[in-house]
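Here's final01.txt, which has compact mmCIF, C-alpha atoms and all ligand atoms:
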# COMPACT_ATOMS: atom_id res chain seq x y z
CA MET A 1 11.55 -61.02 22.14
CA THR A 2 10.91 -57.96 24.31
CA PHE A 3 14.19 -56.44 25.33
CA PRO A 4 14.10 -55.37 28.99
CA ALA A 5 13.57 -51.80 30.15
CA PRO A 6 16.78 -50.27 31.53
CA LEU A 7 17.88 -50.86 35.11
CA SER A 8 17.90 -47.95 37.54
CA LEU A 9 20.06 -47.02 40.52
CA LYS A 10 16.97 -47.63 42.70
CA ASP A 11 16.76 -51.32 41.77
CA ALA A 12 17.41 -54.44 43.82
CA LEU A 13 18.98 -56.97 41.51
CA PHE A 14 18.41 -60.72 41.86
CA LEU A 15 20.51 -62.89 39.59
CA ASP A 16 20.34 -66.60 38.95
CA PHE A 17 23.75 -68.20 38.31
CA ASP A 18 23.70 -71.22 35.92
CA GLY A 19 22.38 -70.34 32.48
CA THR A 20 22.00 -66.68 33.45
CA LEU A 21 25.41 -65.35 34.55
CA ALA A 22 27.43 -68.42 33.61
CA PRO A 23 27.03 -70.67 30.56
CA ILE A 24 25.65 -74.14 31.32
CA GLN A 25 28.12 -76.98 30.90
CA GLU A 26 27.66 -80.72 30.74
CA ASP A 27 29.66 -81.02 33.96
CA ALA A 28 27.99 -78.66 36.45
CA SER A 29 31.15 -78.61 38.60
CA LYS A 30 33.04 -76.83 35.79
CA VAL A 31 30.67 -73.86 35.48
CA VAL A 32 32.36 -70.51 36.11
CA LEU A 33 31.60 -66.85 35.47
CA PRO A 34 32.86 -65.49 32.14
CA GLU A 35 35.98 -63.36 32.36
CA GLY A 36 35.26 -60.01 34.04
CA GLY A 37 31.88 -61.27 35.29
CA GLY A 38 32.87 -61.23 38.96
CA ASP A 39 34.17 -57.67 38.76
CA LEU A 40 31.03 -56.53 36.97
CA ILE A 41 28.81 -57.96 39.73
CA LEU A 42 30.93 -56.27 42.41
CA GLU A 43 30.70 -52.93 40.59
CA LEU A 44 26.93 -53.30 40.26
CA SER A 45 26.64 -54.07 43.95
CA LYS A 46 28.51 -50.82 44.76
CA LYS A 47 26.24 -48.81 42.47
CA LEU A 48 23.10 -50.33 43.98
CA ASP A 49 24.28 -49.80 47.58
CA GLY A 50 24.73 -53.53 48.09
CA ALA A 51 21.29 -54.54 46.77
CA VAL A 52 22.57 -57.33 44.51
CA ALA A 53 21.88 -60.97 45.32
CA LEU A 54 22.84 -64.22 43.65
CA ILE A 55 20.01 -66.72 44.02
CA SER A 56 20.69 -70.25 42.90
CA GLY A 57 19.61 -73.83 43.18
CA ARG A 58 23.21 -74.72 43.97
CA GLY A 59 24.22 -75.36 47.55
CA LEU A 60 25.39 -72.19 49.28
CA GLN A 61 29.00 -73.35 49.57
CA ASP A 62 29.06 -74.48 45.96
CA LEU A 63 27.67 -71.13 44.80
CA SER A 64 30.11 -69.23 47.02
CA MET A 65 33.06 -70.96 45.30
CA ARG A 66 31.96 -69.48 41.96
CA VAL A 67 30.92 -65.89 42.71
CA PRO A 68 32.41 -62.93 44.61
CA ASN A 69 31.73 -63.41 48.32
CA ALA A 70 31.40 -59.65 48.88
CA ILE A 71 27.80 -59.86 47.68
CA TRP A 72 24.64 -61.51 49.03
CA ARG A 73 24.33 -65.19 48.17
CA TYR A 74 21.23 -67.35 48.47
CA GLY A 75 21.77 -71.06 47.91
CA ASN A 76 19.44 -74.06 47.75
CA HIS A 77 16.71 -71.92 46.14
CA GLY A 78 16.91 -69.40 48.95
CA LEU A 79 16.93 -71.81 51.87
CA PHE A 80 20.41 -70.73 53.04
CA SER A 81 22.05 -67.33 52.78
CA ALA A 82 25.36 -65.58 53.33
CA GLY A 83 25.74 -61.81 53.49
CA PRO A 84 28.63 -59.81 52.03
CA GLY A 85 31.90 -61.19 53.35
CA GLU A 86 30.23 -64.00 55.29
CA THR A 87 31.48 -67.54 54.87
CA ALA A 88 28.93 -70.07 53.71
CA GLN A 89 28.39 -72.75 56.33
CA ALA A 90 27.69 -76.32 55.30
CA PRO A 91 24.03 -77.03 55.98
CA ALA A 92 23.15 -80.11 57.99
CA THR A 93 21.56 -82.85 55.91
CA PHE A 94 17.83 -83.04 56.46
CA LEU A 95 16.88 -85.74 54.05
CA ALA A 96 15.21 -88.71 55.74
CA ASP A 97 17.05 -92.02 55.30
CA ASP A 98 14.05 -93.81 53.78
CA PHE A 99 13.67 -91.02 51.25
CA ARG A 100 17.34 -91.26 50.32
CA ARG A 101 17.07 -95.03 49.94
CA SER A 102 14.00 -94.82 47.70
CA LEU A 103 15.73 -92.30 45.47
CA ALA A 104 18.88 -94.39 45.24
CA ALA A 105 16.83 -97.49 44.37
CA LEU A 106 15.30 -95.62 41.45
CA THR A 107 18.34 -93.77 40.14
CA VAL A 108 21.36 -96.00 40.75
CA PRO A 109 20.33 -98.53 38.04
CA LEU A 110 19.96 -95.68 35.51
CA LYS A 111 23.38 -95.32 33.93
CA GLY A 112 24.54 -91.72 33.64
CA VAL A 113 21.95 -90.35 36.05
CA GLU A 114 23.57 -88.43 38.90
CA LEU A 115 22.06 -87.93 42.30
CA GLU A 116 23.38 -84.83 44.05
CA GLU A 117 22.50 -83.97 47.64
CA LYS A 118 22.74 -80.29 48.39
CA GLY A 119 21.85 -80.17 52.06
CA PRO A 120 18.10 -80.69 52.13
CA VAL A 121 17.72 -80.43 48.35
CA VAL A 122 18.24 -83.39 46.05
CA ALA A 123 19.06 -82.88 42.40
CA ILE A 124 18.70 -85.71 39.88
CA HIS A 125 20.76 -84.85 36.81
CA TYR A 126 20.09 -86.65 33.55
CA ARG A 127 22.00 -84.45 31.09
CA LYS A 128 24.34 -87.39 30.43
CA ALA A 129 21.46 -89.90 30.24
CA PRO A 130 18.58 -88.37 28.25
CA ASP A 131 16.93 -91.79 27.83
CA ALA A 132 16.34 -91.95 31.58
CA GLU A 133 13.97 -89.00 31.51
CA THR A 134 10.86 -91.13 30.85
CA VAL A 135 11.55 -93.46 33.77
CA LEU A 136 12.26 -90.55 36.11
CA ARG A 137 9.16 -88.68 34.97
CA GLU A 138 7.05 -91.76 35.56
CA HIS A 139 8.29 -92.59 39.06
CA LEU A 140 9.49 -89.41 40.78
CA PRO A 141 6.05 -87.79 41.33
CA SER A 142 4.63 -90.74 43.31
CA LEU A 143 7.90 -91.22 45.18
CA THR A 144 7.97 -87.54 46.22
CA ALA A 145 4.28 -87.55 47.15
CA LYS A 146 5.08 -89.96 50.01
CA PHE A 147 7.05 -87.18 51.70
CA PRO A 148 4.59 -84.32 52.23
CA ASN A 149 7.12 -81.62 53.11
CA TYR A 150 8.80 -81.93 49.74
CA ASN A 151 8.06 -80.69 46.24
CA LEU A 152 9.27 -82.06 42.92
CA GLN A 153 10.38 -79.45 40.41
CA GLU A 154 11.75 -79.79 36.89
CA GLY A 155 14.54 -77.87 35.26
CA LYS A 156 16.80 -78.32 32.27
CA CYS A 157 17.88 -81.98 32.32
CA ILE A 158 17.28 -81.99 36.05
CA PHE A 159 14.62 -82.93 38.57
CA GLU A 160 14.87 -81.38 42.00
CA ILE A 161 13.23 -82.47 45.20
CA LYS A 162 13.13 -79.61 47.65
CA PRO A 163 11.62 -78.75 51.01
CA LYS A 164 8.49 -76.73 50.32
CA ASP A 165 10.05 -73.56 51.72
CA ALA A 166 13.07 -73.73 49.37
CA ASN A 167 11.57 -71.46 46.76
CA LYS A 168 13.12 -68.52 44.93
CA GLY A 169 9.85 -66.59 45.07
CA GLU A 170 9.60 -66.88 48.85
CA CYS A 171 13.24 -65.90 49.06
CA VAL A 172 12.76 -62.71 47.01
CA ARG A 173 9.66 -61.81 49.01
CA ARG A 174 11.55 -62.21 52.30
CA VAL A 175 14.69 -60.39 51.15
CA MET A 176 12.71 -57.42 49.81
CA ASP A 177 11.66 -56.66 53.41
CA GLU A 178 15.29 -56.38 54.50
CA THR A 179 18.03 -53.75 54.22
CA PRO A 180 19.56 -52.93 51.72
CA PHE A 181 16.84 -54.29 49.44
CA LYS A 182 13.76 -52.76 51.07
CA GLY A 183 12.16 -49.87 49.20
CA ARG A 184 13.87 -50.71 45.91
CA ARG A 185 12.35 -52.05 42.70
CA PRO A 186 13.06 -55.79 42.47
CA VAL A 187 14.59 -57.10 39.24
CA MET A 188 14.95 -60.85 38.69
CA ILE A 189 16.96 -62.36 35.84
CA GLY A 190 16.81 -66.13 35.40
CA ASP A 191 16.65 -68.87 32.82
CA ASP A 192 15.03 -71.88 34.43
CA THR A 193 11.66 -73.06 35.70
CA THR A 194 12.61 -72.45 39.34
CA ASP A 195 13.03 -68.76 38.48
CA GLU A 196 9.34 -68.53 37.59
CA ASP A 197 8.45 -68.40 41.31
CA ALA A 198 10.67 -65.34 41.64
CA PHE A 199 9.23 -63.77 38.48
CA ARG A 200 5.72 -64.09 39.93
CA VAL A 201 6.73 -62.29 43.15
CA VAL A 202 8.65 -59.60 41.28
CA ASN A 203 5.69 -59.02 38.93
CA ASN A 204 3.39 -58.61 41.93
CA LEU A 205 5.79 -56.13 43.51
CA GLY A 206 5.90 -53.98 40.37
CA GLY A 207 9.45 -55.00 39.44
CA LEU A 208 11.13 -56.26 36.29
CA SER A 209 11.18 -59.97 35.47
CA ILE A 210 13.62 -61.04 32.77
CA LYS A 211 13.71 -64.54 31.30
CA VAL A 212 16.90 -65.75 29.63
CA GLY A 213 16.04 -67.89 26.61
CA GLU A 214 12.97 -68.80 24.60
CA GLU A 215 11.00 -71.14 26.84
CA LYS A 216 7.53 -70.38 28.14
CA SER A 217 7.68 -67.87 30.98
CA ILE A 218 5.60 -65.39 32.97
CA ALA A 219 8.49 -62.90 32.81
CA GLN A 220 7.77 -59.51 31.24
CA TYR A 221 11.01 -59.33 29.29
CA ARG A 222 13.56 -61.57 27.63
CA LEU A 223 17.25 -61.75 26.91
CA PRO A 224 18.48 -64.42 24.50
CA ASP A 225 21.49 -65.82 26.36
CA VAL A 226 24.23 -65.40 28.98
CA ALA A 227 26.21 -63.01 26.77
CA ALA A 228 23.15 -60.76 26.41
CA VAL A 229 22.70 -60.72 30.21
CA HIS A 230 26.28 -59.51 30.66
CA LYS A 231 25.82 -56.92 27.93
CA TYR A 232 22.61 -55.64 29.56
CA LEU A 233 24.29 -55.36 32.97
CA LYS A 234 27.41 -53.80 31.46
CA GLU A 235 25.35 -51.13 29.68
CA PHE A 236 23.79 -50.12 32.99
CA HIS A 237 27.22 -50.10 34.62
CA ASP A 238 28.78 -47.97 31.89
CA LYS A 239 25.87 -45.53 31.84
CA HIS A 240 26.41 -44.77 35.54
CA ASN A 241 30.17 -44.73 35.53
MG MG B 301 19.62 -71.11 35.95

Here is the file; what I need is its structure written in the form of structure tokens.
Amino acid sequence: MTFPAPLSLKDALFLDFDGTLAPIQEDASKVVLPEGGGDLILELSKKLDGAVALISGRGLQDLSMRVPNAIWRYGNHGLFSAGPGETAQAPATFLADDFRRSLAALTVPLKGVELEEKGPVVAIHYRKAPDAETVLREHLPSLTAKFPNYNLQEGKCIFEIKPKDANKGECVRRVMDETPFKGRRPVMIGDDTTDEDAFRVVNNLGGLSIKVGEEKSIAQYRLPDVAAVHKYLKEFHDKHN
């Protein structure tokens, strides 16, 4: 495991939420920041002149309930955003009715599988039904292929069907052209497969990519778990206090 190089005051910090800043739980609605985590993120945002962004697969409103709203938030893999102090608006639902029906036909008979609509993104959770994975893996690719504007992506005990422009990499690329991020070195910390898109962009921009956990990744560096992420961020905070 290659421990990451230290952060600098000239960085733009992109942080995933679940599995990176907050420990994953069986019930995704119960996930919260560890004690002191919110304050730490706010302090970091001050030190980096506001160039801290939370970037999550959660819906923007859902994410905003769990993190300080004085920082940048990007929900639905970057499809929707709220700036510091802005209230997250509920996105209109984009999912076509026939798509929704096909998904329900597949997933409703699978006990324990949960279908979650997050605006235009659909998450299929099977953490509580591991046996359903084979059926989902067999049928979701062909089902998704019928809807050309959508991509199927896999995460930890989750499949996600997303509009093609809901992509953390595209989000980072876009945000890095905007104040207060522009001109800084991008740093992305994330734990899941959807973070790989952001790692690729950050690597191309000469930034730091940091994978949380042991799975295969194109990130340059690794941290073992959520606690190590907080420790890494705290060390940077304390060094510049
Ligand atoms: Mg994550």

Write out as a list in words each polymer residue whose atoms come within 12 Å of Phe99 of chain A, counting only C-alpha atoms; drop sequence neighbours fewer than 2 positions from it. Phe94, Leu95, Ala96, Asp97, Arg101, Ser102, Leu103, Ala104, Ala105, Leu106, Glu117, Pro120, Val121, Val122, Leu140, Leu143, Thr144, Ala145, Lys146, Phe147, Pro148, Asn149, Tyr150, Ile161 and Lys162 of chain A

Any residue with an atom at most 9 Å from ligand MG 301 (chain B) counts, using all atoms listed in the file. Which are they? Put them as a PyMOL selection string. chain A and resi 16-22+24+56-57+155-156+190-195+212

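Distance-wise, atom CA of Thr2 of chain A and atom CA of Gln25 of chain A end up 26.5 Å apart.
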
Surrounding residues of segment 197-204 of chain A excluding itself and chain neighbours under 6 positions, 12 Å, all atoms listed in the file, as a PyMOL selection string: chain A and resi 11-16+55-56+77-78+153+165-176+184-191+210-212+217-222

What would the file look like if the residues just selected were written as an mmCIF file, keeping the file's coordinate frame with C-alpha atoms?
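Saved result, out15.cif, follows:
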data_model
loop_
_atom_site.group_PDB
_atom_site.id
_atom_site.type_symbol
_atom_site.label_atom_id
_atom_site.label_comp_id
_atom_site.auth_asym_id
_atom_site.auth_seq_id
_atom_site.Cartn_x
_atom_site.Cartn_y
_atom_site.Cartn_z
ATOM 1 C CA ASP A 11 16.760 -51.320 41.770
ATOM 2 C CA ALA A 12 17.410 -54.440 43.820
ATOM 3 C CA LEU A 13 18.980 -56.970 41.510
ATOM 4 C CA PHE A 14 18.410 -60.720 41.860
ATOM 5 C CA LEU A 15 20.510 -62.890 39.590
ATOM 6 C CA ASP A 16 20.340 -66.600 38.950
ATOM 7 C CA ILE A 55 20.010 -66.720 44.020
ATOM 8 C CA SER A 56 20.690 -70.250 42.900
ATOM 9 C CA HIS A 77 16.710 -71.920 46.140
ATOM 10 C CA GLY A 78 16.910 -69.400 48.950
ATOM 11 C CA GLN A 153 10.380 -79.450 40.410
ATOM 12 C CA ASP A 165 10.050 -73.560 51.720
ATOM 13 C CA ALA A 166 13.070 -73.730 49.370
ATOM 14 C CA ASN A 167 11.570 -71.460 46.760
ATOM 15 C CA LYS A 168 13.120 -68.520 44.930
ATOM 16 C CA GLY A 169 9.850 -66.590 45.070
ATOM 17 C CA GLU A 170 9.600 -66.880 48.850
ATOM 18 C CA CYS A 171 13.240 -65.900 49.060
ATOM 19 C CA VAL A 172 12.760 -62.710 47.010
ATOM 20 C CA ARG A 173 9.660 -61.810 49.010
ATOM 21 C CA ARG A 174 11.550 -62.210 52.300
ATOM 22 C CA VAL A 175 14.690 -60.390 51.150
ATOM 23 C CA MET A 176 12.710 -57.420 49.810
ATOM 24 C CA ARG A 184 13.870 -50.710 45.910
ATOM 25 C CA ARG A 185 12.350 -52.050 42.700
ATOM 26 C CA PRO A 186 13.060 -55.790 42.470
ATOM 27 C CA VAL A 187 14.590 -57.100 39.240
ATOM 28 C CA MET A 188 14.950 -60.850 38.690
ATOM 29 C CA ILE A 189 16.960 -62.360 35.840
ATOM 30 C CA GLY A 190 16.810 -66.130 35.400
ATOM 31 C CA ASP A 191 16.650 -68.870 32.820
ATOM 32 C CA ILE A 210 13.620 -61.040 32.770
ATOM 33 C CA LYS A 211 13.710 -64.540 31.300
ATOM 34 C CA VAL A 212 16.900 -65.750 29.630
ATOM 35 C CA SER A 217 7.680 -67.870 30.980
ATOM 36 C CA ILE A 218 5.600 -65.390 32.970
ATOM 37 C CA ALA A 219 8.490 -62.900 32.810
ATOM 38 C CA GLN A 220 7.770 -59.510 31.240
ATOM 39 C CA TYR A 221 11.010 -59.330 29.290
ATOM 40 C CA ARG A 222 13.560 -61.570 27.630
#

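In terms of minimum interatomic distance to Pro4 of chain A, A:Lys231 ranks closest within A:Arg100, A:Lys231, A:Lys164, A:Lys128, counting only C-alpha atoms.
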
With the input short on atoms, add N, CA and C atoms back to segment 199-231 of chain A and write it as a PDB file, in the frame of the given file.
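As a result, rebuild_6.pdb now contains:
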ATOM      1  N   PHE A 199       9.860 -64.696  39.434  1.00  0.00           N
ATOM      2  CA  PHE A 199       9.230 -63.770  38.480  1.00  0.00           C
ATOM      3  C   PHE A 199       7.831 -63.371  38.965  1.00  0.00           C
ATOM      4  N   ARG A 200       7.093 -64.350  39.482  1.00  0.00           N
ATOM      5  CA  ARG A 200       5.720 -64.090  39.930  1.00  0.00           C
ATOM      6  C   ARG A 200       5.725 -63.047  41.058  1.00  0.00           C
ATOM      7  N   VAL A 201       6.645 -63.222  42.015  1.00  0.00           N
ATOM      8  CA  VAL A 201       6.730 -62.290  43.150  1.00  0.00           C
ATOM      9  C   VAL A 201       7.151 -60.904  42.662  1.00  0.00           C
ATOM     10  N   VAL A 202       8.151 -60.865  41.806  1.00  0.00           N
ATOM     11  CA  VAL A 202       8.650 -59.600  41.280  1.00  0.00           C
ATOM     12  C   VAL A 202       7.555 -58.878  40.480  1.00  0.00           C
ATOM     13  N   ASN A 203       6.802 -59.627  39.679  1.00  0.00           N
ATOM     14  CA  ASN A 203       5.690 -59.020  38.930  1.00  0.00           C
ATOM     15  C   ASN A 203       4.670 -58.397  39.882  1.00  0.00           C
ATOM     16  N   ASN A 204       4.363 -59.122  40.957  1.00  0.00           N
ATOM     17  CA  ASN A 204       3.390 -58.610  41.930  1.00  0.00           C
ATOM     18  C   ASN A 204       3.896 -57.382  42.668  1.00  0.00           C
ATOM     19  N   LEU A 205       5.206 -57.275  42.799  1.00  0.00           N
ATOM     20  CA  LEU A 205       5.790 -56.130  43.510  1.00  0.00           C
ATOM     21  C   LEU A 205       6.096 -54.964  42.569  1.00  0.00           C
ATOM     22  N   GLY A 206       5.687 -55.080  41.312  1.00  0.00           N
ATOM     23  CA  GLY A 206       5.900 -53.980  40.370  1.00  0.00           C
ATOM     24  C   GLY A 206       7.326 -53.893  39.854  1.00  0.00           C
ATOM     25  N   GLY A 207       8.069 -55.007  39.905  1.00  0.00           N
ATOM     26  CA  GLY A 207       9.450 -55.000  39.440  1.00  0.00           C
ATOM     27  C   GLY A 207       9.597 -55.467  37.998  1.00  0.00           C
ATOM     28  N   LEU A 208      10.825 -55.765  37.633  1.00  0.00           N
ATOM     29  CA  LEU A 208      11.130 -56.260  36.290  1.00  0.00           C
ATOM     30  C   LEU A 208      11.482 -57.745  36.373  1.00  0.00           C
ATOM     31  N   SER A 209      10.829 -58.550  35.542  1.00  0.00           N
ATOM     32  CA  SER A 209      11.180 -59.970  35.470  1.00  0.00           C
ATOM     33  C   SER A 209      11.739 -60.242  34.072  1.00  0.00           C
ATOM     34  N   ILE A 210      12.914 -60.869  34.046  1.00  0.00           N
ATOM     35  CA  ILE A 210      13.620 -61.040  32.770  1.00  0.00           C
ATOM     36  C   ILE A 210      14.013 -62.504  32.600  1.00  0.00           C
ATOM     37  N   LYS A 211      13.438 -63.128  31.586  1.00  0.00           N
ATOM     38  CA  LYS A 211      13.710 -64.540  31.300  1.00  0.00           C
ATOM     39  C   LYS A 211      14.858 -64.640  30.287  1.00  0.00           C
ATOM     40  N   VAL A 212      15.812 -65.494  30.576  1.00  0.00           N
ATOM     41  CA  VAL A 212      16.900 -65.750  29.630  1.00  0.00           C
ATOM     42  C   VAL A 212      16.516 -66.968  28.800  1.00  0.00           C
ATOM     43  N   GLY A 213      16.396 -66.775  27.491  1.00  0.00           N
ATOM     44  CA  GLY A 213      16.040 -67.890  26.610  1.00  0.00           C
ATOM     45  C   GLY A 213      14.613 -67.782  26.102  1.00  0.00           C
ATOM     46  N   GLU A 214      14.215 -68.833  25.390  1.00  0.00           N
ATOM     47  CA  GLU A 214      12.970 -68.800  24.600  1.00  0.00           C
ATOM     48  C   GLU A 214      11.811 -69.547  25.238  1.00  0.00           C
ATOM     49  N   GLU A 215      12.073 -70.287  26.320  1.00  0.00           N
ATOM     50  CA  GLU A 215      11.000 -71.140  26.840  1.00  0.00           C
ATOM     51  C   GLU A 215       9.860 -70.322  27.428  1.00  0.00           C
ATOM     52  N   LYS A 216       8.726 -71.009  27.581  1.00  0.00           N
ATOM     53  CA  LYS A 216       7.530 -70.380  28.140  1.00  0.00           C
ATOM     54  C   LYS A 216       7.872 -69.754  29.506  1.00  0.00           C
ATOM     55  N   SER A 217       7.358 -68.559  29.739  1.00  0.00           N
ATOM     56  CA  SER A 217       7.680 -67.870  30.980  1.00  0.00           C
ATOM     57  C   SER A 217       6.640 -66.809  31.292  1.00  0.00           C
ATOM     58  N   ILE A 218       6.482 -66.490  32.585  1.00  0.00           N
ATOM     59  CA  ILE A 218       5.600 -65.390  32.970  1.00  0.00           C
ATOM     60  C   ILE A 218       6.379 -64.078  33.083  1.00  0.00           C
ATOM     61  N   ALA A 219       7.673 -64.125  32.730  1.00  0.00           N
ATOM     62  CA  ALA A 219       8.490 -62.900  32.810  1.00  0.00           C
ATOM     63  C   ALA A 219       7.997 -61.869  31.788  1.00  0.00           C
ATOM     64  N   GLN A 220       8.209 -60.592  32.129  1.00  0.00           N
ATOM     65  CA  GLN A 220       7.770 -59.510  31.240  1.00  0.00           C
ATOM     66  C   GLN A 220       8.722 -59.310  30.069  1.00  0.00           C
ATOM     67  N   TYR A 221       9.990 -59.628  30.300  1.00  0.00           N
ATOM     68  CA  TYR A 221      11.010 -59.330  29.290  1.00  0.00           C
ATOM     69  C   TYR A 221      11.877 -60.549  29.039  1.00  0.00           C
ATOM     70  N   ARG A 222      12.661 -60.457  27.958  1.00  0.00           N
ATOM     71  CA  ARG A 222      13.560 -61.570  27.630  1.00  0.00           C
ATOM     72  C   ARG A 222      14.924 -61.077  27.174  1.00  0.00           C
ATOM     73  N   LEU A 223      15.917 -61.894  27.492  1.00  0.00           N
ATOM     74  CA  LEU A 223      17.250 -61.750  26.910  1.00  0.00           C
ATOM     75  C   LEU A 223      17.593 -63.104  26.316  1.00  0.00           C
ATOM     76  N   PRO A 224      18.308 -63.140  25.178  1.00  0.00           N
ATOM     77  CA  PRO A 224      18.480 -64.420  24.500  1.00  0.00           C
ATOM     78  C   PRO A 224      19.429 -65.399  25.189  1.00  0.00           C
ATOM     79  N   ASP A 225      20.481 -64.893  25.830  1.00  0.00           N
ATOM     80  CA  ASP A 225      21.490 -65.820  26.360  1.00  0.00           C
ATOM     81  C   ASP A 225      22.372 -65.135  27.402  1.00  0.00           C
ATOM     82  N   VAL A 226      23.339 -65.909  27.921  1.00  0.00           N
ATOM     83  CA  VAL A 226      24.230 -65.400  28.980  1.00  0.00           C
ATOM     84  C   VAL A 226      24.982 -64.148  28.512  1.00  0.00           C
ATOM     85  N   ALA A 227      25.457 -64.167  27.286  1.00  0.00           N
ATOM     86  CA  ALA A 227      26.210 -63.010  26.770  1.00  0.00           C
ATOM     87  C   ALA A 227      25.343 -61.752  26.781  1.00  0.00           C
ATOM     88  N   ALA A 228      24.068 -61.917  26.429  1.00  0.00           N
ATOM     89  CA  ALA A 228      23.150 -60.760  26.410  1.00  0.00           C
ATOM     90  C   ALA A 228      22.891 -60.242  27.826  1.00  0.00           C
ATOM     91  N   VAL A 229      22.875 -61.149  28.812  1.00  0.00           N
ATOM     92  CA  VAL A 229      22.700 -60.720  30.210  1.00  0.00           C
ATOM     93  C   VAL A 229      23.883 -59.836  30.608  1.00  0.00           C
ATOM     94  N   HIS A 230      25.091 -60.295  30.303  1.00  0.00           N
ATOM     95  CA  HIS A 230      26.280 -59.510  30.660  1.00  0.00           C
ATOM     96  C   HIS A 230      26.283 -58.163  29.941  1.00  0.00           C
ATOM     97  N   LYS A 231      25.853 -58.165  28.695  1.00  0.00           N
ATOM     98  CA  LYS A 231      25.820 -56.920  27.930  1.00  0.00           C
ATOM     99  C   LYS A 231      24.818 -55.939  28.563  1.00  0.00           C
TER     100      LYS A 231
END
